[in-house]
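Notes to accompany the following structure.
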Amino acid sequence: MRKCVQISFFLLLAFSTAALAQGTMLLRQPTLSAEHIVFVYANDLWIVGKDGGDARRLTSNEGQESQPHFSPDGKWIAFTAQYDGNTDVYMIPVEGGQPQRLTWHPGVDNVTGWTPDGESILFASGRESVPTRESKIYKISKKGGMEEALEIPRAVTGEISEDGKYMAYQQIGFWDPEWRNYRGGQAKPIWIVDMKTFTLKQTPQTDNERHTDPVWLNNIVYFLSERDYANNVWSYNPANSELKQQTFHADFDVKSLDAGGGQVVYEQGGYLHTLNPANGQSKKLVINVRGDFHWARERWEEVKPANLTNASLSPTGQRALFEYRGEIFTAPKEKGDWRNISNNSAAADRFPIWSPDGKKIAWFNDASGEYQLMISDQEGLEKPKAISIADPTFFFRPAWSPDGKYLAFTDTDYVLWNVDVNTGAIKKVDTERFAHPNRTLNPVWSPDSKWIAYARLLDNHFKAIKVYNVETGQSLQLTDGLADAISPVWDATGKYLYFLASTNYGLNTGWLEMSSYERPATRGLYLVVLSKDDVSPLAPRSDEEKAKEENLPAGRQGKGEKATPIVKIDMAGLYFQPQRGMYCIQRQLPINKALPCIAITSKTKNQKFSFRVLMTCPYRMTANLFCTEAILPGEFSVLRMRIRKWGMVSSSPSLL
């Protein structure tokens with residue numbers, strides 16, 4: 001499959017008049033001299049005046065350039081580049097020119113700064129720390145030669161003060177630097193070491209927040225801290241231990257910073273800012289980037305099958321639906337051509353799904369700046385209908401109701417929504433109790449389009465199967481919460497609801513608790529008999545001869561269309577809560593009879609009978625009774641049993 005891709009990233013909006021007023025966004029890793037700012041954009045280095053304006057490209061090699069740092073005199077720029085199949089230290093004059101390679105080791109060398117005299121470049125490398133790859137800081141002359149390791153045993157970034165007496169450095173990196181407000185073991189202060197005596201100071205931590213990216217200006221350390229729950233610029237004076245917050249951004253984190261020429265420059269909210277420590281004032285710079293971006297031109301793109309995502313079939317299986325690079329495609333089963341349904345490379349189109357009648361396709365699109373629900377014809381000829389969603393965020397695969405009147409979906413905040421396709425009215429169905437990496441709050445429609453089934457976390461961190469009536473707003477919990485239930489599926493007749501349940505899930509409820517990793521959970525297949533008027537499909541059966549008058553009259557066996565099933569849910573008698581933790585679920589039946597069971601025999605007033613129970617939740621020291629046979633009519637007396645396996649005595653009351 002091939003397609004014509006016109007990649008029009010919003011970065012290119014800088015060419016419009018409105019965008020020029022705001023400047024180009026996504027400028028990264030700035031460095032500052034007395035006259036210029038150099039930054040990274042589209043994996044190249046660009047230079048601009050320290051007050052902003054039109055930027056000029058310094059590098060255009062195919063490899064990535066990053067981490068630029070001005071020399072103290074502002075004449076040279078050291079940076080990290082991925083040239084010739086390796087990541088090394090390079091240097092270029094401020095006027096531009098051919099980059100000069102300075103390191104040749106096969107490992108990764110990341111530039112962190114310069115020595116105060118401007119004769120050597122500092123870089124971090126793990127070349128000596130095999131096999132752990134712990135980084136150290138090295139220096140290399142700008143004229144080339146052999147590298148020399150500093151007497152700092154472990155550091156990933158750092159700079160030396162202007163007077164050469166101290167070095168401020170970050171001891172370790174992060175496996176996920178974008179994890180906001182991280183307070184774990186990787187959150188370390190900035191270490192400040194005396195280069196002669198090797199006495200050590202640390203930036204003060206009050207909440208185990210992490211401190212990163214230290215730079216020097218006038219013998220004061222400037223760094224990033226999340227103490228106020230957003231990454232901002234702070235300063236620390238080693239001479240008098242004064243700690244001060246310099247910026248107060250609350251919306252987006254400060255990502256990187258550098259200092260020079262009496263000011264601090266940093267990246268925040270996609271823009272570059274300068275900070276004057278003398279008066280504490282910061283200024284957002286307007287910088288325009290113009291270039292021949294080959295990756296943004298219109299071109300033919302080869303679509304590889306392995307890169308197709310969110311695949312699904314049309315209702316009859318004649319065409320398949322795919323997502324690729326933010327575009328929506330359909331492809332025929334055998335004959336015909338593929339179709340681009342969204343046909344807009346400047347926006348992201350996500351999670352396509354076909355309507356039950358095969359006429360419409362729904363998906364999410366962010367062309368307006370926020371994700372909206374889009375509905376279009378299957379040929380992609382009509383203008384899509386856009387439905388705005390309250391509290392816009394990121395949304396996941398929508399699910400059509402069988403009658404095509406509703407669409408249900410979830411969002412990144414674990415909220416389940418239902419939208420009326422005709423009116424665009426949106427209702428909140430439910431909200432998850434806790435965040436969990438396994439998103440189970442996924443909607444499943446009943447055959448009559450009146451109920452949405454889903455799994456939701458309870459206060460005990462077990463998941464229960466719930467259903468929601470879209471007409472009345474009624475919400476019901478169908479499982480007891482003593483076992484972890486997931487993946488509901490409706491029976492085609494609407495009589496049963498199938499699901500998976502685990503009775504040994506308890507030690508896995510804390511998914512961040514590493515001691516639970518060696519406690520795998522197993523699941524069995526269960527069903528719920530929804531109406532008290534229906535019988536269990538697992539009840540004993542017997543083939544009997546029928547009298548002729550019981551047979552259907554001739555002509556009654558026609559092949560007319562099947563009527564839409566009506567789902568009826570009776571909560572009365574579905575389960576009851578006895579004493580002392582015993583739980584008998586009358587119409588919730590385990591389908592896998594190979595699960596551990598115990599045979600129980602008891603007497604009623606007039607007869608003796610036997611049935612089997614499934615033991616669950618042993619770690620809670622309770623017994624969960626799932627009747628695997630049809631519920632026996634009549635009364636039975638108090639059942640008392642001794643479960644020798646767990647050394648526990650439990651009893652259940654009379655069942656009327």
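Residue numbering restarts at 1 in every chain; chains get A, B, ... in the order shown in the structure tokens, and ligands count up from 1 in that same order.
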
Next on the checklist: Taking only range 428-530 of chain A into account, list the residues labelled helix (DSSP H, G or I) by DSSP (computed from the backbone), as number ranges by chain.
Outcome noted: A: 506-508, 514-516

Item to check | Test item: residues at most 10 Å from Gly481 in chain A, only C-alpha atoms, excluding those fewer than 2 positions along its chain, as JSON, numbers by chain | outcome: {"A": [457, 458, 459, 460, 461, 462, 463, 464, 465, 477, 478, 479, 483, 484, 485]}

Near Ser487 in chain A, within 8 Å and counting only C-alpha atoms, which residues show up once chain neighbours fewer than 3 positions away are dropped, as a PDB file with N, CA and C atoms, in the first residue's frame?
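Output saved as around29.pdb:
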```pdb
ATOM      1  N   THR A 440      -9.239  -1.095  32.262  1.00  0.00           N
ATOM      2  CA  THR A 440     -10.313  -2.068  32.078  1.00  0.00           C
ATOM      3  C   THR A 440     -11.686  -1.425  31.989  1.00  0.00           C
ATOM      4  N   TYR A 454     -19.050  -2.933  31.750  1.00  0.00           N
ATOM      5  CA  TYR A 454     -17.640  -2.569  31.888  1.00  0.00           C
ATOM      6  C   TYR A 454     -17.130  -3.080  33.235  1.00  0.00           C
ATOM      7  N   ALA A 455     -15.829  -3.134  33.383  1.00  0.00           N
ATOM      8  CA  ALA A 455     -15.200  -3.519  34.647  1.00  0.00           C
ATOM      9  C   ALA A 455     -14.662  -2.268  35.326  1.00  0.00           C
ATOM     10  N   PHE A 499     -17.823 -13.252  31.670  1.00  0.00           N
ATOM     11  CA  PHE A 499     -16.683 -12.459  32.125  1.00  0.00           C
ATOM     12  C   PHE A 499     -15.604 -13.396  32.644  1.00  0.00           C
ATOM     13  N   LEU A 500     -14.417 -12.844  32.834  1.00  0.00           N
ATOM     14  CA  LEU A 500     -13.299 -13.571  33.431  1.00  0.00           C
ATOM     15  C   LEU A 500     -13.134 -13.107  34.871  1.00  0.00           C
TER      16      LEU A 500
END
```

Checklist entry - Can you list, as an MDAnalysis selection string, every residue of range 19-198 of chain A that DSSP puts in strand (DSSP E or B)? => result chainID A and resid 28:32 36:41 44:49 53:54 56:57 65:70 76:83 86:93 100:101 109:114 120:125 136:141 148:149 157:160 166:170 191:194

Next on the checklist: I'd like the contact shell of Glu65 in chain A - 7 Å cut-off, only C-alpha atoms, skipping same-chain residues fewer than 4 positions apart - returned as a list of chain:residue names.
Outcome noted: A:Asn43, A:Asp44, A:Leu45, A:Phe79, A:Thr80, A:Ala81, A:Gln82

Env of Ala320 in chain A: 6 Å cut, atoms = only C-alpha atoms, seq-sep filter 4 positions within chain, self excluded. Answer as a PDB file with C-alpha atoms, in the first residue's frame.
```
ATOM      1  CA  SER A 312     -10.779  -3.743  12.642  1.00  0.00           C
ATOM      2  CA  LEU A 313     -13.188  -5.208  10.089  1.00  0.00           C
ATOM      3  CA  SER A 314     -16.315  -3.792   8.537  1.00  0.00           C
ATOM      4  CA  THR A 330      -9.885   1.292   4.608  1.00  0.00           C
ATOM      5  CA  ALA A 331      -8.685  -1.569   2.420  1.00  0.00           C
TER       6      ALA A 331
END
```

Could you pull the residues within 8 Å of range 163-178 of chain A, counting only C-alpha atoms, minus those fewer than 5 positions along the same chain, as a PDB file with all heavy atoms, in the first residue's frame?
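Wrote it out as selection_26.pdb, contents follow:
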```
ATOM      1  N   THR A 115      35.580  24.111  30.503  1.00  0.00           N
ATOM      2  CA  THR A 115      36.401  24.541  31.633  1.00  0.00           C
ATOM      3  C   THR A 115      36.425  26.065  31.658  1.00  0.00           C
ATOM      4  O   THR A 115      36.222  26.722  30.628  1.00  0.00           O
ATOM      5  CB  THR A 115      37.831  23.988  31.515  1.00  0.00           C
ATOM      6  OG1 THR A 115      38.388  24.374  30.251  1.00  0.00           O
ATOM      7  CG2 THR A 115      37.828  22.472  31.626  1.00  0.00           C
ATOM      8  N   PRO A 116      36.645  26.701  32.828  1.00  0.00           N
ATOM      9  CA  PRO A 116      36.582  28.170  32.920  1.00  0.00           C
ATOM     10  C   PRO A 116      37.541  28.894  31.988  1.00  0.00           C
ATOM     11  O   PRO A 116      37.243  30.024  31.546  1.00  0.00           O
ATOM     12  CB  PRO A 116      36.919  28.445  34.392  1.00  0.00           C
ATOM     13  CG  PRO A 116      36.544  27.194  35.102  1.00  0.00           C
ATOM     14  CD  PRO A 116      36.841  26.087  34.152  1.00  0.00           C
ATOM     15  N   ARG A 154      31.198   9.754  39.913  1.00  0.00           N
ATOM     16  CA  ARG A 154      29.930   9.416  39.258  1.00  0.00           C
ATOM     17  C   ARG A 154      29.145  10.687  38.974  1.00  0.00           C
ATOM     18  O   ARG A 154      28.805  11.431  39.891  1.00  0.00           O
ATOM     19  CB  ARG A 154      29.113   8.487  40.155  1.00  0.00           C
ATOM     20  CG  ARG A 154      27.849   7.944  39.538  1.00  0.00           C
ATOM     21  CD  ARG A 154      27.111   7.095  40.570  1.00  0.00           C
ATOM     22  NE  ARG A 154      25.945   6.440  40.005  1.00  0.00           N
ATOM     23  CZ  ARG A 154      25.033   5.781  40.723  1.00  0.00           C
ATOM     24  NH1 ARG A 154      25.176   5.697  42.043  1.00  0.00           N
ATOM     25  NH2 ARG A 154      24.005   5.210  40.146  1.00  0.00           N
ATOM     26  N   ALA A 155      28.851  10.961  37.694  1.00  0.00           N
ATOM     27  CA  ALA A 155      28.093  12.156  37.324  1.00  0.00           C
ATOM     28  C   ALA A 155      27.566  11.990  35.907  1.00  0.00           C
ATOM     29  O   ALA A 155      28.209  11.358  35.060  1.00  0.00           O
ATOM     30  CB  ALA A 155      28.960  13.411  37.420  1.00  0.00           C
ATOM     31  N   VAL A 156      26.394  12.559  35.643  1.00  0.00           N
ATOM     32  CA  VAL A 156      25.803  12.508  34.308  1.00  0.00           C
ATOM     33  C   VAL A 156      25.800  13.872  33.636  1.00  0.00           C
ATOM     34  O   VAL A 156      25.707  13.970  32.412  1.00  0.00           O
ATOM     35  CB  VAL A 156      24.371  11.942  34.348  1.00  0.00           C
ATOM     36  CG1 VAL A 156      24.378  10.491  34.808  1.00  0.00           C
ATOM     37  CG2 VAL A 156      23.464  12.779  35.242  1.00  0.00           C
ATOM     38  N   THR A 157      25.891  14.931  34.411  1.00  0.00           N
ATOM     39  CA  THR A 157      26.026  16.278  33.861  1.00  0.00           C
ATOM     40  C   THR A 157      26.605  17.164  34.948  1.00  0.00           C
ATOM     41  O   THR A 157      26.486  16.860  36.137  1.00  0.00           O
ATOM     42  CB  THR A 157      24.673  16.844  33.372  1.00  0.00           C
ATOM     43  OG1 THR A 157      24.887  18.098  32.715  1.00  0.00           O
ATOM     44  CG2 THR A 157      23.701  17.014  34.514  1.00  0.00           C
ATOM     45  N   GLY A 158      27.261  18.241  34.553  1.00  0.00           N
ATOM     46  CA  GLY A 158      27.857  19.125  35.537  1.00  0.00           C
ATOM     47  C   GLY A 158      28.707  20.200  34.898  1.00  0.00           C
ATOM     48  O   GLY A 158      29.126  20.082  33.743  1.00  0.00           O
ATOM     49  N   GLN A 186      15.494   7.925  42.704  1.00  0.00           N
ATOM     50  CA  GLN A 186      16.341   8.616  41.742  1.00  0.00           C
ATOM     51  C   GLN A 186      16.323  10.133  41.928  1.00  0.00           C
ATOM     52  O   GLN A 186      17.052  10.841  41.235  1.00  0.00           O
ATOM     53  CB  GLN A 186      15.896   8.274  40.316  1.00  0.00           C
ATOM     54  CG  GLN A 186      16.089   6.808  39.953  1.00  0.00           C
ATOM     55  CD  GLN A 186      15.596   6.497  38.552  1.00  0.00           C
ATOM     56  OE1 GLN A 186      14.992   7.333  37.888  1.00  0.00           O
ATOM     57  NE2 GLN A 186      15.846   5.289  38.106  1.00  0.00           N
ATOM     58  N   LYS A 188      17.580  13.098  43.440  1.00  0.00           N
ATOM     59  CA  LYS A 188      18.774  13.470  44.189  1.00  0.00           C
ATOM     60  C   LYS A 188      18.971  14.981  44.163  1.00  0.00           C
ATOM     61  O   LYS A 188      18.517  15.669  43.242  1.00  0.00           O
ATOM     62  CB  LYS A 188      20.008  12.782  43.592  1.00  0.00           C
ATOM     63  CG  LYS A 188      19.958  11.265  43.593  1.00  0.00           C
ATOM     64  CD  LYS A 188      20.054  10.708  45.001  1.00  0.00           C
ATOM     65  CE  LYS A 188      20.140   9.192  44.973  1.00  0.00           C
ATOM     66  NZ  LYS A 188      20.207   8.624  46.344  1.00  0.00           N
ATOM     67  N   PRO A 189      19.704  15.536  45.145  1.00  0.00           N
ATOM     68  CA  PRO A 189      20.057  16.957  45.101  1.00  0.00           C
ATOM     69  C   PRO A 189      21.227  17.194  44.151  1.00  0.00           C
ATOM     70  O   PRO A 189      21.811  16.256  43.609  1.00  0.00           O
ATOM     71  CB  PRO A 189      20.456  17.245  46.550  1.00  0.00           C
ATOM     72  CG  PRO A 189      21.011  15.941  47.032  1.00  0.00           C
ATOM     73  CD  PRO A 189      20.184  14.870  46.364  1.00  0.00           C
ATOM     74  N   ILE A 190      21.556  18.451  43.949  1.00  0.00           N
ATOM     75  CA  ILE A 190      22.777  18.808  43.216  1.00  0.00           C
ATOM     76  C   ILE A 190      23.957  18.718  44.180  1.00  0.00           C
ATOM     77  O   ILE A 190      23.911  19.236  45.292  1.00  0.00           O
ATOM     78  CB  ILE A 190      22.662  20.229  42.627  1.00  0.00           C
ATOM     79  CG1 ILE A 190      21.471  20.303  41.649  1.00  0.00           C
ATOM     80  CG2 ILE A 190      23.959  20.611  41.930  1.00  0.00           C
ATOM     81  CD1 ILE A 190      21.536  19.348  40.490  1.00  0.00           C
ATOM     82  N   TRP A 191      25.021  18.049  43.723  1.00  0.00           N
ATOM     83  CA  TRP A 191      26.227  17.900  44.542  1.00  0.00           C
ATOM     84  C   TRP A 191      27.229  18.988  44.126  1.00  0.00           C
ATOM     85  O   TRP A 191      27.507  19.168  42.941  1.00  0.00           O
ATOM     86  CB  TRP A 191      26.835  16.513  44.362  1.00  0.00           C
ATOM     87  CG  TRP A 191      25.978  15.390  44.894  1.00  0.00           C
ATOM     88  CD1 TRP A 191      24.619  15.331  44.900  1.00  0.00           C
ATOM     89  CD2 TRP A 191      26.433  14.181  45.500  1.00  0.00           C
ATOM     90  NE1 TRP A 191      24.177  14.166  45.456  1.00  0.00           N
ATOM     91  CE2 TRP A 191      25.277  13.428  45.838  1.00  0.00           C
ATOM     92  CE3 TRP A 191      27.693  13.662  45.777  1.00  0.00           C
ATOM     93  CZ2 TRP A 191      25.351  12.187  46.448  1.00  0.00           C
ATOM     94  CZ3 TRP A 191      27.768  12.413  46.391  1.00  0.00           C
ATOM     95  CH2 TRP A 191      26.606  11.689  46.731  1.00  0.00           C
ATOM     96  N   ILE A 192      27.772  19.697  45.111  1.00  0.00           N
ATOM     97  CA  ILE A 192      28.738  20.769  44.876  1.00  0.00           C
ATOM     98  C   ILE A 192      30.021  20.400  45.614  1.00  0.00           C
ATOM     99  O   ILE A 192      30.042  20.317  46.849  1.00  0.00           O
ATOM    100  CB  ILE A 192      28.199  22.123  45.362  1.00  0.00           C
ATOM    101  CG1 ILE A 192      26.833  22.409  44.713  1.00  0.00           C
ATOM    102  CG2 ILE A 192      29.185  23.240  45.068  1.00  0.00           C
ATOM    103  CD1 ILE A 192      26.107  23.583  45.317  1.00  0.00           C
ATOM    104  N   VAL A 193      31.089  20.173  44.859  1.00  0.00           N
ATOM    105  CA  VAL A 193      32.318  19.667  45.444  1.00  0.00           C
ATOM    106  C   VAL A 193      33.448  20.677  45.279  1.00  0.00           C
ATOM    107  O   VAL A 193      33.559  21.341  44.246  1.00  0.00           O
ATOM    108  CB  VAL A 193      32.699  18.306  44.805  1.00  0.00           C
ATOM    109  CG1 VAL A 193      32.951  18.447  43.324  1.00  0.00           C
ATOM    110  CG2 VAL A 193      33.898  17.677  45.503  1.00  0.00           C
ATOM    111  N   ASP A 194      34.250  20.833  46.323  1.00  0.00           N
ATOM    112  CA  ASP A 194      35.459  21.659  46.266  1.00  0.00           C
ATOM    113  C   ASP A 194      36.513  20.889  45.486  1.00  0.00           C
ATOM    114  O   ASP A 194      36.877  19.762  45.846  1.00  0.00           O
ATOM    115  CB  ASP A 194      35.952  21.960  47.684  1.00  0.00           C
ATOM    116  CG  ASP A 194      37.078  22.976  47.706  1.00  0.00           C
ATOM    117  OD1 ASP A 194      38.137  22.716  47.069  1.00  0.00           O
ATOM    118  OD2 ASP A 194      36.930  24.007  48.372  1.00  0.00           O
ATOM    119  N   MET A 195      37.028  21.469  44.398  1.00  0.00           N
ATOM    120  CA  MET A 195      37.934  20.757  43.500  1.00  0.00           C
ATOM    121  C   MET A 195      39.312  20.515  44.110  1.00  0.00           C
ATOM    122  O   MET A 195      40.096  19.739  43.556  1.00  0.00           O
ATOM    123  CB  MET A 195      38.076  21.524  42.184  1.00  0.00           C
ATOM    124  CG  MET A 195      36.760  21.666  41.419  1.00  0.00           C
ATOM    125  SD  MET A 195      36.057  20.079  40.923  1.00  0.00           S
ATOM    126  CE  MET A 195      37.175  19.599  39.612  1.00  0.00           C
ATOM    127  N   LYS A 196      39.642  21.139  45.251  1.00  0.00           N
ATOM    128  CA  LYS A 196      40.930  20.905  45.912  1.00  0.00           C
ATOM    129  C   LYS A 196      40.781  19.984  47.120  1.00  0.00           C
ATOM    130  O   LYS A 196      41.502  19.011  47.267  1.00  0.00           O
ATOM    131  CB  LYS A 196      41.559  22.235  46.326  1.00  0.00           C
ATOM    132  CG  LYS A 196      42.060  23.072  45.161  1.00  0.00           C
ATOM    133  CD  LYS A 196      42.789  24.319  45.645  1.00  0.00           C
ATOM    134  CE  LYS A 196      43.342  25.134  44.478  1.00  0.00           C
ATOM    135  NZ  LYS A 196      44.065  26.352  44.951  1.00  0.00           N
ATOM    136  N   HIS A 211      16.511  17.494  41.919  1.00  0.00           N
ATOM    137  CA  HIS A 211      17.217  18.677  41.433  1.00  0.00           C
ATOM    138  C   HIS A 211      18.076  18.246  40.246  1.00  0.00           C
ATOM    139  O   HIS A 211      18.803  17.255  40.324  1.00  0.00           O
ATOM    140  CB  HIS A 211      18.102  19.275  42.532  1.00  0.00           C
ATOM    141  CG  HIS A 211      17.341  19.725  43.743  1.00  0.00           C
ATOM    142  ND1 HIS A 211      17.966  20.109  44.919  1.00  0.00           N
ATOM    143  CD2 HIS A 211      16.007  19.867  43.973  1.00  0.00           C
ATOM    144  CE1 HIS A 211      17.053  20.454  45.810  1.00  0.00           C
ATOM    145  NE2 HIS A 211      15.858  20.310  45.262  1.00  0.00           N
ATOM    146  N   THR A 212      18.010  19.006  39.155  1.00  0.00           N
ATOM    147  CA  THR A 212      18.688  18.592  37.925  1.00  0.00           C
ATOM    148  C   THR A 212      19.313  19.783  37.213  1.00  0.00           C
ATOM    149  O   THR A 212      19.019  20.939  37.510  1.00  0.00           O
ATOM    150  CB  THR A 212      17.694  17.910  36.961  1.00  0.00           C
ATOM    151  OG1 THR A 212      16.640  18.832  36.636  1.00  0.00           O
ATOM    152  CG2 THR A 212      17.086  16.663  37.587  1.00  0.00           C
ATOM    153  N   ASP A 213      20.184  19.469  36.247  1.00  0.00           N
ATOM    154  CA  ASP A 213      20.708  20.403  35.252  1.00  0.00           C
ATOM    155  C   ASP A 213      21.396  21.629  35.867  1.00  0.00           C
ATOM    156  O   ASP A 213      21.016  22.772  35.602  1.00  0.00           O
ATOM    157  CB  ASP A 213      19.566  20.854  34.328  1.00  0.00           C
ATOM    158  CG  ASP A 213      20.085  21.200  32.940  1.00  0.00           C
ATOM    159  OD1 ASP A 213      21.273  20.981  32.677  1.00  0.00           O
ATOM    160  OD2 ASP A 213      19.289  21.697  32.116  1.00  0.00           O
ATOM    161  N   PRO A 214      22.462  21.465  36.678  1.00  0.00           N
ATOM    162  CA  PRO A 214      23.105  22.616  37.323  1.00  0.00           C
ATOM    163  C   PRO A 214      23.986  23.409  36.361  1.00  0.00           C
ATOM    164  O   PRO A 214      24.684  22.853  35.516  1.00  0.00           O
ATOM    165  CB  PRO A 214      23.954  21.959  38.415  1.00  0.00           C
ATOM    166  CG  PRO A 214      24.298  20.611  37.854  1.00  0.00           C
ATOM    167  CD  PRO A 214      23.087  20.184  37.053  1.00  0.00           C
ATOM    168  N   VAL A 215      23.952  24.740  36.493  1.00  0.00           N
ATOM    169  CA  VAL A 215      24.839  25.640  35.751  1.00  0.00           C
ATOM    170  C   VAL A 215      25.300  26.734  36.717  1.00  0.00           C
ATOM    171  O   VAL A 215      24.689  26.961  37.772  1.00  0.00           O
ATOM    172  CB  VAL A 215      24.135  26.272  34.528  1.00  0.00           C
ATOM    173  CG1 VAL A 215      23.709  25.196  33.540  1.00  0.00           C
ATOM    174  CG2 VAL A 215      22.925  27.109  34.956  1.00  0.00           C
ATOM    175  N   TRP A 216      26.395  27.413  36.347  1.00  0.00           N
ATOM    176  CA  TRP A 216      26.961  28.458  37.197  1.00  0.00           C
ATOM    177  C   TRP A 216      26.762  29.833  36.564  1.00  0.00           C
ATOM    178  O   TRP A 216      26.867  30.001  35.352  1.00  0.00           O
ATOM    179  CB  TRP A 216      28.458  28.242  37.400  1.00  0.00           C
ATOM    180  CG  TRP A 216      28.813  27.065  38.269  1.00  0.00           C
ATOM    181  CD1 TRP A 216      29.061  25.796  37.863  1.00  0.00           C
ATOM    182  CD2 TRP A 216      28.968  27.074  39.690  1.00  0.00           C
ATOM    183  NE1 TRP A 216      29.358  25.001  38.936  1.00  0.00           N
ATOM    184  CE2 TRP A 216      29.320  25.764  40.086  1.00  0.00           C
ATOM    185  CE3 TRP A 216      28.855  28.071  40.671  1.00  0.00           C
ATOM    186  CZ2 TRP A 216      29.542  25.405  41.411  1.00  0.00           C
ATOM    187  CZ3 TRP A 216      29.093  27.720  41.996  1.00  0.00           C
ATOM    188  CH2 TRP A 216      29.420  26.409  42.362  1.00  0.00           C
ATOM    189  N   ASN A 219      29.250  32.587  40.279  1.00  0.00           N
ATOM    190  CA  ASN A 219      29.551  31.681  41.389  1.00  0.00           C
ATOM    191  C   ASN A 219      28.317  31.255  42.187  1.00  0.00           C
ATOM    192  O   ASN A 219      28.407  30.893  43.365  1.00  0.00           O
ATOM    193  CB  ASN A 219      30.583  32.307  42.336  1.00  0.00           C
ATOM    194  CG  ASN A 219      31.940  32.447  41.655  1.00  0.00           C
ATOM    195  OD1 ASN A 219      32.389  31.552  40.942  1.00  0.00           O
ATOM    196  ND2 ASN A 219      32.588  33.592  41.860  1.00  0.00           N
ATOM    197  N   VAL A 221      24.912  28.608  41.848  1.00  0.00           N
ATOM    198  CA  VAL A 221      24.408  27.468  41.090  1.00  0.00           C
ATOM    199  C   VAL A 221      22.933  27.683  40.779  1.00  0.00           C
ATOM    200  O   VAL A 221      22.124  27.951  41.683  1.00  0.00           O
ATOM    201  CB  VAL A 221      24.583  26.153  41.876  1.00  0.00           C
ATOM    202  CG1 VAL A 221      24.053  24.975  41.063  1.00  0.00           C
ATOM    203  CG2 VAL A 221      26.040  25.927  42.229  1.00  0.00           C
TER     204      VAL A 221
END
```

Next on the checklist: Please report the interatomic distance between CA of Gly144 in chain A and CA of Gly96 in chain A in Å with one decimal.
Outcome noted: 18.9 Å

Checklist entry - So what do you get for CA of Asp117 in chain A versus CA of Pro68 in chain A, distance-wise? => result 17.8 Å

Checklist entry - Which one of A:Tyr496, A:Phe434, A:Trp400, A:Tyr182 sits closest to Thr509 in chain A if you count only C-alpha atoms? => result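 Comparing A:Tyr496, A:Phe434, A:Trp400, A:Tyr182 against Thr509 in chain A, the winner is A:Phe434.
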
Item to check | Ser355 in chain A environment, 12 Å, only C-alpha atoms, sequence neighbours closer than 6 positions dropped, as a list in words | outcome: Ser312, Leu313, Ser314, Pro315, Thr316, Leu321, Ile361, Ala362, Trp363, Ile375, Ser376, Asp377, Gln378, Pro398, Ala399, Trp400, Ser401, Pro402, Asp403, Gly404, Lys405, Tyr406, Leu407 and Val421 of chain A

Sorted per-residue table, range 82-152 of chain A near range 253-262 of chain A, closest atoms and distance, 12 Å, only C-alpha atoms, as CSV:
```
residue,atom,partner,partner_atom,distance
A:Thr112,CA,A:Asp258,CA,10.2
A:Gly113,CA,A:Asp258,CA,9.5
A:Trp114,CA,A:Gly260,CA,11.8
A:Pro116,CA,A:Gly260,CA,11.9
```

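Here CA of Pro488 in chain A and CA of Asp570 in chain A stand 17.4 Å from one another.
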